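Chemist: If it helps, the file is called query.csv and holds CSV, C-alpha atoms:
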```csv
chain,number,residue,atom,x,y,z
T,242,MET,CA,-23.3,24.4,29.9
T,243,THR,CA,-22.6,28.1,29.9
T,244,GLU,CA,-22.1,30.4,26.9
T,245,GLY,CA,-18.4,30.7,27.8
T,246,GLN,CA,-17.9,26.9,27.5
T,247,VAL,CA,-19.7,26.8,24.2
T,248,LEU,CA,-17.5,29.7,22.9
T,249,ASP,CA,-14.4,27.9,24.2
T,250,ILE,CA,-15.4,24.7,22.4
T,251,ALA,CA,-16.2,26.6,19.2
T,252,ARG,CA,-12.9,28.6,19.3
T,253,GLU,CA,-10.9,25.4,19.9
T,254,ALA,CA,-12.8,23.6,17.1
T,255,LEU,CA,-12.1,26.5,14.6
T,256,TYR,CA,-8.4,26.6,15.7
T,257,THR,CA,-8.1,22.9,15.1
T,258,ILE,CA,-9.7,23.1,11.7
T,259,ILE,CA,-7.4,25.9,10.7
T,260,VAL,CA,-4.3,24.1,11.9
T,261,CYS,CA,-5.2,20.9,10.3
T,262,ALA,CA,-6.1,22.5,6.9
T,263,ALA,CA,-3.2,24.9,6.8
T,264,PRO,CA,-0.5,22.5,5.3
T,265,LEU,CA,-2.8,21.3,2.5
T,266,LEU,CA,-3.9,24.9,1.7
T,267,LEU,CA,-0.3,26.1,1.7
T,268,ILE,CA,0.7,23.3,-0.7
T,269,SER,CA,-2.2,24.2,-3.0
T,270,LEU,CA,-1.3,27.9,-2.8
T,271,VAL,CA,2.4,27.4,-3.6
T,272,VAL,CA,1.7,25.0,-6.5
T,273,GLY,CA,-0.9,27.4,-7.9
T,274,LEU,CA,1.5,30.3,-7.7
T,275,ILE,CA,4.3,28.4,-9.4
T,276,ILE,CA,1.9,27.3,-12.2
T,277,SER,CA,0.6,30.8,-12.6
T,278,ILE,CA,4.1,32.2,-13.0
T,279,PHE,CA,4.8,29.4,-15.5
T,280,GLN,CA,1.7,30.3,-17.4
T,281,THR,CA,2.6,34.0,-17.5
T,282,VAL,CA,6.1,33.3,-18.7
T,283,THR,CA,5.1,30.9,-21.4
T,284,SER,CA,1.9,32.8,-22.4
T,285,ILE,CA,-0.2,29.6,-21.9
T,286,GLN,CA,-3.6,30.6,-20.7
T,287,GLU,CA,-5.2,27.2,-20.2
T,288,GLN,CA,-7.4,27.3,-17.0
T,289,THR,CA,-7.5,23.6,-16.5
T,290,LEU,CA,-3.7,23.3,-16.4
T,291,THR,CA,-3.6,24.2,-12.7
T,292,PHE,CA,-6.0,21.5,-11.5
T,293,VAL,CA,-4.0,18.3,-12.1
T,294,PRO,CA,-0.8,19.4,-10.5
T,295,LYS,CA,-2.7,20.9,-7.5
T,296,ILE,CA,-4.7,17.7,-7.0
T,297,ILE,CA,-1.6,15.5,-7.2
T,298,CYS,CA,0.4,17.7,-4.8
T,299,VAL,CA,-2.5,17.9,-2.3
T,300,PHE,CA,-2.8,14.1,-2.4
T,301,ILE,CA,0.9,13.8,-1.7
T,302,GLY,CA,0.4,16.3,1.1
T,303,ILE,CA,-2.4,14.1,2.5
T,304,MET,CA,0.0,11.2,2.4
T,305,ILE,CA,2.7,13.2,4.2
T,306,PHE,CA,0.5,15.1,6.7
T,307,GLY,CA,-2.4,12.7,7.0
T,308,SER,CA,-1.3,11.0,10.2
T,309,TRP,CA,-0.5,14.3,11.9
T,310,ILE,CA,-4.0,15.7,10.9
T,311,ILE,CA,-5.7,12.6,12.2
T,312,ASN,CA,-3.7,12.8,15.5
T,313,ASN,CA,-4.8,16.4,16.0
T,314,LEU,CA,-8.4,15.7,15.3
T,315,THR,CA,-8.3,12.6,17.6
T,316,GLU,CA,-6.8,14.6,20.4
T,317,PHE,CA,-9.5,17.3,20.0
T,318,ILE,CA,-12.3,14.7,20.1
T,319,ASN,CA,-10.7,12.9,23.1
T,320,ARG,CA,-10.5,16.2,25.0
T,321,LEU,CA,-14.2,16.9,24.2
T,322,TRP,CA,-15.3,13.4,25.4
T,323,SER,CA,-13.1,13.5,28.5
T,324,ASP,CA,-14.7,16.8,29.5
T,325,PHE,CA,-18.2,15.7,28.7
T,326,SER,CA,-19.3,15.3,32.3
T,327,ILE,CA,-18.1,18.9,33.0
T,328,TYR,CA,-20.3,20.2,30.2
T,329,LEU,CA,-23.4,18.4,31.6
T,330,GLY,CA,-23.0,19.5,35.1
```
Please render this file's structure as structure tokens.

Modeler:
Amino acid sequence: MTEGQVLDIAREALYTIIVCAAPLLLISLVVGLIISIFQTVTSIQEQTLTFVPKIICVFIGIMIFGSWIINNLTEFINRLWSDFSIYLG
């Protein structure tokens, strides 16, 4: 296995991680921004106020995007296993 192949696998793995995590991170970012604006407007400075809505929205995001994330990860792992003989030789 050459350095190039290792770098290709690492690059593809990082790209897959970023693509799979992006929807949940964006949901968390948007909900956090909305709650921060709400806190600024109402002068409520409770730090724990952001956690519960973020957690609920991320769980909803997992329910919506979960199958898509699993499919992406499964495709990546299948590509790795199908090219396993190439990496050995």

Chemist: Skipping near chain neighbours, those fewer than 2 positions away, what residues fall within 8 Å of range 291-294 of chain T using only C-alpha atoms, listed as a list in words?

Modeler: Val272, Gly273, Ile276, Ser277, Gln288, Thr289, Ile296, Ile297 and Cys298 of chain T

Chemist: Please measure the separation of CA of Ser269 in chain T and CA of Ala254 in chain T, giving the value in Å to one decimal.

Modeler: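 Atom-to-atom, CA of Ser269 in chain T to CA of Ala254 in chain T, that is 22.7 Å.
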
Chemist: Hey, can you check how far CA of Phe306 in chain T sits from CA of Tyr256 in chain T?

Modeler: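 Calculated distance between CA of Phe306 in chain T and CA of Tyr256 in chain T is 17.1 Å.
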
Chemist: Work out how far apart CA of Phe317 in chain T and CA of Phe300 in chain T are and give it in Å to one decimal.

Modeler: 23.6 Å

Chemist: So that I can check the surroundings of Asn312 in chain T, please list as a list in words every protein, DNA and RNA residue that reaches within 12 Å of it, counting only C-alpha atoms and ignoring chain neighbours fewer than 5 positions away.

Modeler: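 Neighbouring residues, sequence-local ones excluded: Thr257, Val260, Cys261, Phe306, Gly307, Phe317, Ile318 and Asn319 of chain T.
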
Chemist: Counting all atoms listed in the file, which residue out of T:Ala251, T:Ile275, T:Ile285, T:Leu265 sits closest to Leu321 in chain T?

Modeler: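 Once distances to Leu321 in chain T are computed over all atoms listed in the file, the minimum belongs to T:Ala251.
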